[in-house]
Amino acid sequence: MSSDTHTFAEPEPRLLHRSIPAGEARVAVFNRTYDAPIEDVWDACTNPERLRRWYVPVTGDLRVGGEFEQGGMMPGGVILRCEPPHLLVVSIGGGADEIELRLTTEDEGSTMLELEHATTIDQHEILGTMYDAIFCMGGGYYPRLFALDLYLRDELPGDYDPMTFHQRPDLRPVIDRGSAAMAALLEANGRTPS
């Protein structure tokens with residue numbers, strides 16, 4: 001993996017609020033532009049063979065209304081909407097969270113990816129402890145968005161394992177910056193991570 005992770009154009013997260021079927025949710029929003037056509041970014045984000053390379057393995061009934069499983073400790077979910085190559089909406093964790101992926105074409109064939117993760121996480125229990133996952137989102141999404149960038153440029157190292165990305169010393173600065181960005185955002189919005 002590139003040792004130059006400090007130059008990665010990391011997204012500035014935003015925090016919104018909206019209702020989802022599980023209740024009122026806090027929404028972490030991440031934007032990132034990729035130097036790839038929208039069809040390639042869409043395929044990298046929805047094709048199980050490509051997802052397993054940079055994200056995690058995803059299996060199941062991959063159509064609207066279908067249930068899917070994600071590798072590792074990530075919760076499975078249901079596909080709510082799919083409008084290729086622009087919109088994918090899924091619920092995870094029994095409906096307590098919703099993730100919305102939106103893609104738009106930018107200048108010169110690049111693609112803007114906007115990821116919204118709406119969570120009612122205060123109702124969740126993870127690993128036996130209450131956990132503020134919206135704080136963790138930056139630490140998890142930043143390196144994954146970085147891995148997608150490397151993958152689309154065919155620069156993702158052959159030894160990259162999306163199931164153990166958090167153990168890579170070269171990704172630690174990206175994880176730390178993502179977590180710090182989310183912590184600052186939550187603090188600015190009058191909430192400290194639990």
# chains A, B, ... in the order shown; residues from 1 in each chain; ligands from 1

$ select_by_dssp --residues "stretch 41-163 of chain A" --states "strand (DSSP E)" --output "ChimeraX atom specification"
/A:58-60,67-70,77-83,87-92,97-105,111-119

$ write_last_selection --atoms "N, CA, C and O atoms" --output "short mmCIF file (atom, residue, chain, number, x, y, z; two decimals), in the first residue's frame"
data_model
loop_
_atom_site.label_atom_id
_atom_site.label_comp_id
_atom_site.auth_asym_id
_atom_site.auth_seq_id
_atom_site.Cartn_x
_atom_site.Cartn_y
_atom_site.Cartn_z
N VAL A 58 -19.51 -10.06 0.06
CA VAL A 58 -20.95 -9.84 0.19
C VAL A 58 -21.63 -10.96 -0.59
O VAL A 58 -21.31 -11.20 -1.75
N THR A 59 -22.56 -11.64 0.07
CA THR A 59 -23.28 -12.75 -0.55
C THR A 59 -24.77 -12.63 -0.26
O THR A 59 -25.17 -11.90 0.65
N GLY A 60 -25.57 -13.36 -1.01
CA GLY A 60 -26.99 -13.41 -0.74
C GLY A 60 -27.83 -13.16 -1.98
O GLY A 60 -27.36 -13.29 -3.11
N GLU A 67 -32.10 -10.32 0.79
CA GLU A 67 -31.24 -10.22 1.96
C GLU A 67 -29.81 -10.57 1.59
O GLU A 67 -29.58 -11.42 0.74
N PHE A 68 -28.86 -9.90 2.24
CA PHE A 68 -27.44 -10.15 1.97
C PHE A 68 -26.69 -10.26 3.27
O PHE A 68 -27.13 -9.80 4.32
N GLU A 69 -25.54 -10.90 3.18
CA GLU A 69 -24.61 -11.02 4.31
C GLU A 69 -23.31 -10.35 3.92
O GLU A 69 -22.92 -10.37 2.75
N GLN A 70 -22.64 -9.76 4.91
CA GLN A 70 -21.33 -9.16 4.71
C GLN A 70 -20.32 -9.93 5.55
O GLN A 70 -20.63 -10.41 6.62
N GLY A 77 -28.14 -7.41 5.78
CA GLY A 77 -29.23 -6.48 5.59
C GLY A 77 -30.13 -6.84 4.44
O GLY A 77 -30.14 -7.98 3.96
N VAL A 78 -30.89 -5.84 4.01
CA VAL A 78 -31.87 -5.98 2.94
C VAL A 78 -31.64 -4.85 1.94
O VAL A 78 -31.41 -3.70 2.32
N ILE A 79 -31.73 -5.18 0.65
CA ILE A 79 -31.62 -4.16 -0.40
C ILE A 79 -32.98 -3.49 -0.56
O ILE A 79 -33.97 -4.16 -0.88
N LEU A 80 -33.03 -2.18 -0.32
CA LEU A 80 -34.29 -1.44 -0.38
C LEU A 80 -34.54 -0.82 -1.76
O LEU A 80 -35.67 -0.82 -2.24
N ARG A 81 -33.50 -0.25 -2.35
CA ARG A 81 -33.62 0.38 -3.67
C ARG A 81 -32.33 0.16 -4.45
O ARG A 81 -31.26 0.16 -3.88
N CYS A 82 -32.46 0.03 -5.77
CA CYS A 82 -31.29 -0.12 -6.62
C CYS A 82 -31.64 0.48 -7.98
O CYS A 82 -32.52 -0.02 -8.68
N GLU A 83 -30.97 1.58 -8.31
CA GLU A 83 -31.19 2.28 -9.57
C GLU A 83 -29.83 2.49 -10.24
O GLU A 83 -29.22 3.56 -10.12
N LEU A 87 -27.93 4.88 -7.67
CA LEU A 87 -28.46 4.83 -6.31
C LEU A 87 -28.59 3.40 -5.81
O LEU A 87 -29.13 2.53 -6.50
N LEU A 88 -28.08 3.19 -4.59
CA LEU A 88 -28.25 1.92 -3.88
C LEU A 88 -28.59 2.27 -2.44
O LEU A 88 -27.87 3.05 -1.80
N VAL A 89 -29.69 1.70 -1.93
CA VAL A 89 -30.10 1.92 -0.54
C VAL A 89 -30.30 0.56 0.10
O VAL A 89 -31.03 -0.28 -0.44
N VAL A 90 -29.65 0.36 1.24
CA VAL A 90 -29.79 -0.89 1.99
C VAL A 90 -30.08 -0.57 3.45
O VAL A 90 -29.72 0.50 3.95
N SER A 91 -30.75 -1.51 4.10
CA SER A 91 -30.88 -1.42 5.56
C SER A 91 -30.00 -2.51 6.13
O SER A 91 -29.80 -3.56 5.52
N ILE A 92 -29.44 -2.26 7.29
CA ILE A 92 -28.60 -3.26 7.96
C ILE A 92 -28.96 -3.30 9.44
O ILE A 92 -29.66 -2.42 9.94
N ASP A 97 -30.20 0.67 10.88
CA ASP A 97 -29.36 1.57 10.08
C ASP A 97 -29.78 1.50 8.62
O ASP A 97 -30.26 0.46 8.15
N GLU A 98 -29.57 2.59 7.91
CA GLU A 98 -29.73 2.62 6.47
C GLU A 98 -28.49 3.24 5.85
O GLU A 98 -27.95 4.23 6.38
N ILE A 99 -28.03 2.65 4.76
CA ILE A 99 -26.89 3.18 4.03
C ILE A 99 -27.35 3.50 2.62
O ILE A 99 -28.00 2.68 1.97
N GLU A 100 -27.05 4.71 2.19
CA GLU A 100 -27.42 5.16 0.86
C GLU A 100 -26.16 5.55 0.11
O GLU A 100 -25.36 6.35 0.59
N LEU A 101 -25.98 4.96 -1.06
CA LEU A 101 -24.85 5.24 -1.93
C LEU A 101 -25.38 5.94 -3.17
O LEU A 101 -26.26 5.40 -3.85
N ARG A 102 -24.87 7.14 -3.44
CA ARG A 102 -25.28 7.89 -4.64
C ARG A 102 -24.04 8.20 -5.46
O ARG A 102 -23.02 8.64 -4.93
N LEU A 103 -24.14 7.97 -6.77
CA LEU A 103 -23.06 8.27 -7.69
C LEU A 103 -23.54 9.27 -8.74
O LEU A 103 -24.65 9.13 -9.26
N THR A 104 -22.68 10.25 -9.05
CA THR A 104 -22.97 11.21 -10.12
C THR A 104 -21.70 11.42 -10.93
O THR A 104 -20.60 11.37 -10.40
N THR A 105 -21.90 11.65 -12.21
CA THR A 105 -20.77 11.91 -13.10
C THR A 105 -20.30 13.34 -12.90
O THR A 105 -21.10 14.27 -12.86
N THR A 111 -16.18 10.46 -11.09
CA THR A 111 -17.43 10.13 -10.43
C THR A 111 -17.42 10.60 -8.99
O THR A 111 -16.48 10.33 -8.25
N MET A 112 -18.49 11.30 -8.60
CA MET A 112 -18.68 11.69 -7.20
C MET A 112 -19.46 10.60 -6.50
O MET A 112 -20.55 10.22 -6.94
N LEU A 113 -18.88 10.07 -5.43
CA LEU A 113 -19.54 9.09 -4.58
C LEU A 113 -19.98 9.81 -3.32
O LEU A 113 -19.18 10.47 -2.67
N GLU A 114 -21.25 9.70 -2.99
CA GLU A 114 -21.75 10.23 -1.72
C GLU A 114 -22.33 9.05 -0.94
O GLU A 114 -23.19 8.33 -1.45
N LEU A 115 -21.82 8.86 0.25
CA LEU A 115 -22.24 7.77 1.12
C LEU A 115 -22.89 8.37 2.35
O LEU A 115 -22.28 9.19 3.04
N GLU A 116 -24.13 7.97 2.62
CA GLU A 116 -24.83 8.39 3.83
C GLU A 116 -25.10 7.16 4.67
O GLU A 116 -25.66 6.19 4.18
N HIS A 117 -24.69 7.22 5.92
CA HIS A 117 -24.98 6.14 6.86
C HIS A 117 -25.84 6.71 7.97
O HIS A 117 -25.36 7.46 8.81
N ALA A 118 -27.12 6.36 7.94
CA ALA A 118 -28.08 6.80 8.96
C ALA A 118 -28.14 5.72 10.04
O ALA A 118 -28.31 4.54 9.72
N THR A 119 -28.01 6.13 11.29
CA THR A 119 -27.99 5.14 12.36
C THR A 119 -28.83 5.56 13.56
O THR A 119 -28.88 6.73 13.91
#

$ atom_distance --atom1 "atom CA of A:Leu156" --atom2 "atom CA of A:Trp54"
7.9 Å

$ closest_residue --among "A:Arg144, A:Val27, A:Glu12, A:His86" --to "A:Met163" --atoms "only C-alpha atoms"
A:Arg144

$ closest_residue --among "A:Ala96, A:Val41, A:Val174, A:Met74" --to "A:Glu24" --atoms "only C-alpha atoms"
A:Ala96

$ select_by_dssp --residues "stretch 4-155 of chain A" --states "helix (DSSP H, G or I)" --output "PDB file with N, CA, C and O atoms, in the first residue's frame"
ATOM      1  N   THR A   5      -0.294   7.917   2.184  1.00  0.00           N
ATOM      2  CA  THR A   5      -1.710   8.041   2.512  1.00  0.00           C
ATOM      3  C   THR A   5      -2.069   9.431   3.005  1.00  0.00           C
ATOM      4  O   THR A   5      -3.224   9.813   2.971  1.00  0.00           O
ATOM      5  N   HIS A   6      -1.105  10.218   3.443  1.00  0.00           N
ATOM      6  CA  HIS A   6      -1.411  11.557   3.933  1.00  0.00           C
ATOM      7  C   HIS A   6      -1.852  12.492   2.807  1.00  0.00           C
ATOM      8  O   HIS A   6      -2.424  13.536   3.064  1.00  0.00           O
ATOM      9  N   THR A   7      -1.590  12.146   1.562  1.00  0.00           N
ATOM     10  CA  THR A   7      -1.996  13.008   0.455  1.00  0.00           C
ATOM     11  C   THR A   7      -3.338  12.598  -0.135  1.00  0.00           C
ATOM     12  O   THR A   7      -3.840  13.259  -1.027  1.00  0.00           O
ATOM     13  N   ILE A  38     -18.531   6.455 -14.061  1.00  0.00           N
ATOM     14  CA  ILE A  38     -19.578   6.058 -13.125  1.00  0.00           C
ATOM     15  C   ILE A  38     -19.881   4.560 -13.202  1.00  0.00           C
ATOM     16  O   ILE A  38     -20.099   3.912 -12.179  1.00  0.00           O
ATOM     17  N   GLU A  39     -19.863   3.985 -14.394  1.00  0.00           N
ATOM     18  CA  GLU A  39     -20.158   2.559 -14.540  1.00  0.00           C
ATOM     19  C   GLU A  39     -19.117   1.694 -13.823  1.00  0.00           C
ATOM     20  O   GLU A  39     -19.459   0.661 -13.232  1.00  0.00           O
ATOM     21  N   ASP A  40     -17.859   2.112 -13.858  1.00  0.00           N
ATOM     22  CA  ASP A  40     -16.800   1.360 -13.184  1.00  0.00           C
ATOM     23  C   ASP A  40     -16.937   1.465 -11.664  1.00  0.00           C
ATOM     24  O   ASP A  40     -16.798   0.477 -10.945  1.00  0.00           O
ATOM     25  N   VAL A  41     -17.223   2.671 -11.166  1.00  0.00           N
ATOM     26  CA  VAL A  41     -17.389   2.853  -9.720  1.00  0.00           C
ATOM     27  C   VAL A  41     -18.613   2.066  -9.249  1.00  0.00           C
ATOM     28  O   VAL A  41     -18.567   1.380  -8.221  1.00  0.00           O
ATOM     29  N   TRP A  42     -19.709   2.140 -10.005  1.00  0.00           N
ATOM     30  CA  TRP A  42     -20.922   1.392  -9.653  1.00  0.00           C
ATOM     31  C   TRP A  42     -20.621  -0.110  -9.571  1.00  0.00           C
ATOM     32  O   TRP A  42     -20.982  -0.776  -8.609  1.00  0.00           O
ATOM     33  N   ASP A  43     -19.947  -0.627 -10.585  1.00  0.00           N
ATOM     34  CA  ASP A  43     -19.649  -2.052 -10.613  1.00  0.00           C
ATOM     35  C   ASP A  43     -18.736  -2.444  -9.444  1.00  0.00           C
ATOM     36  O   ASP A  43     -18.940  -3.485  -8.824  1.00  0.00           O
ATOM     37  N   ALA A  44     -17.769  -1.615  -9.131  1.00  0.00           N
ATOM     38  CA  ALA A  44     -16.870  -1.901  -8.005  1.00  0.00           C
ATOM     39  C   ALA A  44     -17.622  -1.917  -6.677  1.00  0.00           C
ATOM     40  O   ALA A  44     -17.232  -2.624  -5.748  1.00  0.00           O
ATOM     41  N   CYS A  45     -18.717  -1.158  -6.595  1.00  0.00           N
ATOM     42  CA  CYS A  45     -19.492  -1.055  -5.351  1.00  0.00           C
ATOM     43  C   CYS A  45     -20.648  -2.043  -5.269  1.00  0.00           C
ATOM     44  O   CYS A  45     -21.281  -2.156  -4.204  1.00  0.00           O
ATOM     45  N   THR A  46     -20.957  -2.750  -6.360  1.00  0.00           N
ATOM     46  CA  THR A  46     -22.116  -3.644  -6.361  1.00  0.00           C
ATOM     47  C   THR A  46     -21.825  -5.054  -6.846  1.00  0.00           C
ATOM     48  O   THR A  46     -22.640  -5.949  -6.641  1.00  0.00           O
ATOM     49  N   PRO A  48     -20.223  -8.514  -6.437  1.00  0.00           N
ATOM     50  CA  PRO A  48     -19.626  -9.263  -5.319  1.00  0.00           C
ATOM     51  C   PRO A  48     -18.167  -9.662  -5.543  1.00  0.00           C
ATOM     52  O   PRO A  48     -17.381  -9.648  -4.591  1.00  0.00           O
ATOM     53  N   GLU A  49     -17.795  -9.995  -6.775  1.00  0.00           N
ATOM     54  CA  GLU A  49     -16.410 -10.378  -7.044  1.00  0.00           C
ATOM     55  C   GLU A  49     -15.454  -9.208  -6.828  1.00  0.00           C
ATOM     56  O   GLU A  49     -14.332  -9.398  -6.360  1.00  0.00           O
ATOM     57  N   ARG A  50     -15.903  -8.015  -7.159  1.00  0.00           N
ATOM     58  CA  ARG A  50     -15.054  -6.830  -6.977  1.00  0.00           C
ATOM     59  C   ARG A  50     -15.110  -6.343  -5.530  1.00  0.00           C
ATOM     60  O   ARG A  50     -14.098  -5.895  -4.981  1.00  0.00           O
ATOM     61  N   LEU A  51     -16.270  -6.409  -4.897  1.00  0.00           N
ATOM     62  CA  LEU A  51     -16.400  -5.976  -3.504  1.00  0.00           C
ATOM     63  C   LEU A  51     -15.463  -6.737  -2.580  1.00  0.00           C
ATOM     64  O   LEU A  51     -14.869  -6.156  -1.675  1.00  0.00           O
ATOM     65  N   ARG A  52     -15.330  -8.033  -2.810  1.00  0.00           N
ATOM     66  CA  ARG A  52     -14.491  -8.851  -1.923  1.00  0.00           C
ATOM     67  C   ARG A  52     -13.026  -8.432  -1.982  1.00  0.00           C
ATOM     68  O   ARG A  52     -12.259  -8.725  -1.076  1.00  0.00           O
ATOM     69  N   ARG A  53     -12.635  -7.737  -3.025  1.00  0.00           N
ATOM     70  CA  ARG A  53     -11.235  -7.326  -3.173  1.00  0.00           C
ATOM     71  C   ARG A  53     -10.904  -6.097  -2.327  1.00  0.00           C
ATOM     72  O   ARG A  53      -9.858  -6.031  -1.703  1.00  0.00           O
ATOM     73  N   TRP A  54     -11.809  -5.097  -2.277  1.00  0.00           N
ATOM     74  CA  TRP A  54     -11.484  -3.851  -1.576  1.00  0.00           C
ATOM     75  C   TRP A  54     -12.359  -3.588  -0.349  1.00  0.00           C
ATOM     76  O   TRP A  54     -12.003  -2.808   0.517  1.00  0.00           O
ATOM     77  N   GLY A  93     -28.464  -4.323  10.092  1.00  0.00           N
ATOM     78  CA  GLY A  93     -28.684  -4.437  11.528  1.00  0.00           C
ATOM     79  C   GLY A  93     -30.149  -4.540  11.900  1.00  0.00           C
ATOM     80  O   GLY A  93     -30.582  -3.914  12.859  1.00  0.00           O
ATOM     81  N   GLY A  94     -30.923  -5.314  11.116  1.00  0.00           N
ATOM     82  CA  GLY A  94     -32.344  -5.456  11.412  1.00  0.00           C
ATOM     83  C   GLY A  94     -33.145  -4.204  11.147  1.00  0.00           C
ATOM     84  O   GLY A  94     -34.233  -4.034  11.686  1.00  0.00           O
ATOM     85  N   GLY A  95     -32.613  -3.314  10.323  1.00  0.00           N
ATOM     86  CA  GLY A  95     -33.323  -2.085   9.972  1.00  0.00           C
ATOM     87  C   GLY A  95     -32.962  -0.887  10.820  1.00  0.00           C
ATOM     88  O   GLY A  95     -33.456   0.211  10.600  1.00  0.00           O
ATOM     89  N   ASP A 107     -16.943  16.258 -13.936  1.00  0.00           N
ATOM     90  CA  ASP A 107     -16.187  16.675 -15.116  1.00  0.00           C
ATOM     91  C   ASP A 107     -15.160  15.629 -15.524  1.00  0.00           C
ATOM     92  O   ASP A 107     -14.609  14.920 -14.683  1.00  0.00           O
ATOM     93  N   GLU A 108     -14.893  15.548 -16.813  1.00  0.00           N
ATOM     94  CA  GLU A 108     -13.832  14.710 -17.380  1.00  0.00           C
ATOM     95  C   GLU A 108     -13.965  13.231 -17.005  1.00  0.00           C
ATOM     96  O   GLU A 108     -12.969  12.534 -16.835  1.00  0.00           O
ATOM     97  N   GLY A 109     -15.200  12.754 -16.838  1.00  0.00           N
ATOM     98  CA  GLY A 109     -15.418  11.331 -16.604  1.00  0.00           C
ATOM     99  C   GLY A 109     -15.168  10.840 -15.204  1.00  0.00           C
ATOM    100  O   GLY A 109     -15.180   9.636 -14.969  1.00  0.00           O
ATOM    101  N   ILE A 121     -28.006   3.975  16.300  1.00  0.00           N
ATOM    102  CA  ILE A 121     -27.070   3.079  16.970  1.00  0.00           C
ATOM    103  C   ILE A 121     -27.207   3.086  18.483  1.00  0.00           C
ATOM    104  O   ILE A 121     -26.818   2.136  19.139  1.00  0.00           O
ATOM    105  N   ASP A 122     -27.772   4.118  19.070  1.00  0.00           N
ATOM    106  CA  ASP A 122     -27.934   4.135  20.519  1.00  0.00           C
ATOM    107  C   ASP A 122     -28.766   2.951  20.993  1.00  0.00           C
ATOM    108  O   ASP A 122     -28.729   2.581  22.143  1.00  0.00           O
ATOM    109  N   GLN A 123     -29.510   2.346  20.047  1.00  0.00           N
ATOM    110  CA  GLN A 123     -30.335   1.187  20.379  1.00  0.00           C
ATOM    111  C   GLN A 123     -29.570  -0.121  20.193  1.00  0.00           C
ATOM    112  O   GLN A 123     -30.076  -1.182  20.504  1.00  0.00           O
ATOM    113  N   ALA A 133     -21.300   3.942  17.104  1.00  0.00           N
ATOM    114  CA  ALA A 133     -20.724   3.583  15.800  1.00  0.00           C
ATOM    115  C   ALA A 133     -20.582   4.780  14.878  1.00  0.00           C
ATOM    116  O   ALA A 133     -19.751   4.770  13.987  1.00  0.00           O
ATOM    117  N   ILE A 134     -21.374   5.814  15.078  1.00  0.00           N
ATOM    118  CA  ILE A 134     -21.217   6.963  14.183  1.00  0.00           C
ATOM    119  C   ILE A 134     -19.836   7.594  14.375  1.00  0.00           C
ATOM    120  O   ILE A 134     -19.248   8.121  13.445  1.00  0.00           O
ATOM    121  N   PHE A 135     -19.289   7.478  15.576  1.00  0.00           N
ATOM    122  CA  PHE A 135     -17.917   7.929  15.825  1.00  0.00           C
ATOM    123  C   PHE A 135     -16.932   7.067  15.048  1.00  0.00           C
ATOM    124  O   PHE A 135     -15.971   7.545  14.466  1.00  0.00           O
ATOM    125  N   CYS A 136     -17.188   5.770  15.018  1.00  0.00           N
ATOM    126  CA  CYS A 136     -16.296   4.825  14.338  1.00  0.00           C
ATOM    127  C   CYS A 136     -16.385   4.928  12.825  1.00  0.00           C
ATOM    128  O   CYS A 136     -15.477   4.493  12.136  1.00  0.00           O
ATOM    129  N   MET A 137     -17.460   5.465  12.301  1.00  0.00           N
ATOM    130  CA  MET A 137     -17.645   5.485  10.852  1.00  0.00           C
ATOM    131  C   MET A 137     -16.460   6.102  10.129  1.00  0.00           C
ATOM    132  O   MET A 137     -16.024   5.600   9.102  1.00  0.00           O
ATOM    133  N   GLY A 138     -15.951   7.193  10.645  1.00  0.00           N
ATOM    134  CA  GLY A 138     -14.805   7.816   9.999  1.00  0.00           C
ATOM    135  C   GLY A 138     -13.611   6.896   9.974  1.00  0.00           C
ATOM    136  O   GLY A 138     -12.915   6.787   8.969  1.00  0.00           O
ATOM    137  N   GLY A 139     -13.370   6.188  11.080  1.00  0.00           N
ATOM    138  CA  GLY A 139     -12.252   5.271  11.158  1.00  0.00           C
ATOM    139  C   GLY A 139     -12.417   4.054  10.275  1.00  0.00           C
ATOM    140  O   GLY A 139     -11.442   3.423   9.891  1.00  0.00           O
ATOM    141  N   GLY A 140     -13.659   3.711   9.922  1.00  0.00           N
ATOM    142  CA  GLY A 140     -13.908   2.578   9.040  1.00  0.00           C
ATOM    143  C   GLY A 140     -14.088   2.968   7.588  1.00  0.00           C
ATOM    144  O   GLY A 140     -13.588   2.295   6.686  1.00  0.00           O
ATOM    145  N   TYR A 141     -14.791   4.060   7.359  1.00  0.00           N
ATOM    146  CA  TYR A 141     -15.048   4.471   5.983  1.00  0.00           C
ATOM    147  C   TYR A 141     -13.832   5.107   5.318  1.00  0.00           C
ATOM    148  O   TYR A 141     -13.615   4.910   4.126  1.00  0.00           O
ATOM    149  N   TYR A 142     -13.050   5.873   6.044  1.00  0.00           N
ATOM    150  CA  TYR A 142     -11.892   6.519   5.424  1.00  0.00           C
ATOM    151  C   TYR A 142     -10.960   5.510   4.752  1.00  0.00           C
ATOM    152  O   TYR A 142     -10.634   5.665   3.578  1.00  0.00           O
ATOM    153  N   PRO A 143     -10.506   4.452   5.454  1.00  0.00           N
ATOM    154  CA  PRO A 143      -9.620   3.506   4.781  1.00  0.00           C
ATOM    155  C   PRO A 143     -10.327   2.716   3.681  1.00  0.00           C
ATOM    156  O   PRO A 143      -9.709   2.346   2.686  1.00  0.00           O
ATOM    157  N   ARG A 144     -11.627   2.471   3.822  1.00  0.00           N
ATOM    158  CA  ARG A 144     -12.334   1.744   2.764  1.00  0.00           C
ATOM    159  C   ARG A 144     -12.462   2.610   1.513  1.00  0.00           C
ATOM    160  O   ARG A 144     -12.315   2.123   0.389  1.00  0.00           O
ATOM    161  N   LEU A 145     -12.746   3.895   1.692  1.00  0.00           N
ATOM    162  CA  LEU A 145     -12.814   4.790   0.532  1.00  0.00           C
ATOM    163  C   LEU A 145     -11.434   4.930  -0.112  1.00  0.00           C
ATOM    164  O   LEU A 145     -11.320   5.065  -1.332  1.00  0.00           O
ATOM    165  N   PHE A 146     -10.395   4.891   0.711  1.00  0.00           N
ATOM    166  CA  PHE A 146      -9.029   4.911   0.203  1.00  0.00           C
ATOM    167  C   PHE A 146      -8.730   3.632  -0.579  1.00  0.00           C
ATOM    168  O   PHE A 146      -8.165   3.664  -1.675  1.00  0.00           O
ATOM    169  N   ALA A 147      -9.145   2.473  -0.029  1.00  0.00           N
ATOM    170  CA  ALA A 147      -8.935   1.197  -0.723  1.00  0.00           C
ATOM    171  C   ALA A 147      -9.678   1.176  -2.054  1.00  0.00           C
ATOM    172  O   ALA A 147      -9.155   0.673  -3.055  1.00  0.00           O
ATOM    173  N   LEU A 148     -10.886   1.728  -2.097  1.00  0.00           N
ATOM    174  CA  LEU A 148     -11.627   1.807  -3.362  1.00  0.00           C
ATOM    175  C   LEU A 148     -10.865   2.649  -4.371  1.00  0.00           C
ATOM    176  O   LEU A 148     -10.765   2.288  -5.548  1.00  0.00           O
ATOM    177  N   ASP A 149     -10.300   3.756  -3.924  1.00  0.00           N
ATOM    178  CA  ASP A 149      -9.511   4.607  -4.819  1.00  0.00           C
ATOM    179  C   ASP A 149      -8.331   3.823  -5.409  1.00  0.00           C
ATOM    180  O   ASP A 149      -8.116   3.837  -6.625  1.00  0.00           O
ATOM    181  N   LEU A 150      -7.591   3.121  -4.556  1.00  0.00           N
ATOM    182  CA  LEU A 150      -6.458   2.323  -5.027  1.00  0.00           C
ATOM    183  C   LEU A 150      -6.933   1.209  -5.963  1.00  0.00           C
ATOM    184  O   LEU A 150      -6.309   0.943  -6.988  1.00  0.00           O
ATOM    185  N   TYR A 151      -8.034   0.583  -5.619  1.00  0.00           N
ATOM    186  CA  TYR A 151      -8.563  -0.504  -6.431  1.00  0.00           C
ATOM    187  C   TYR A 151      -8.938  -0.011  -7.827  1.00  0.00           C
ATOM    188  O   TYR A 151      -8.599  -0.648  -8.832  1.00  0.00           O
ATOM    189  N   LEU A 152      -9.631   1.126  -7.902  1.00  0.00           N
ATOM    190  CA  LEU A 152     -10.053   1.658  -9.198  1.00  0.00           C
ATOM    191  C   LEU A 152      -8.851   2.070 -10.056  1.00  0.00           C
ATOM    192  O   LEU A 152      -8.939   2.062 -11.282  1.00  0.00           O
TER     193      LEU A 152
END

$ atom_distance --atom1 "atom CA of A:Val29" --atom2 "atom CA of A:His17"
10.4 Å

$ atom_distance --atom1 "atom CA of A:Asn31" --atom2 "atom CA of A:Pro157"
23.8 Å
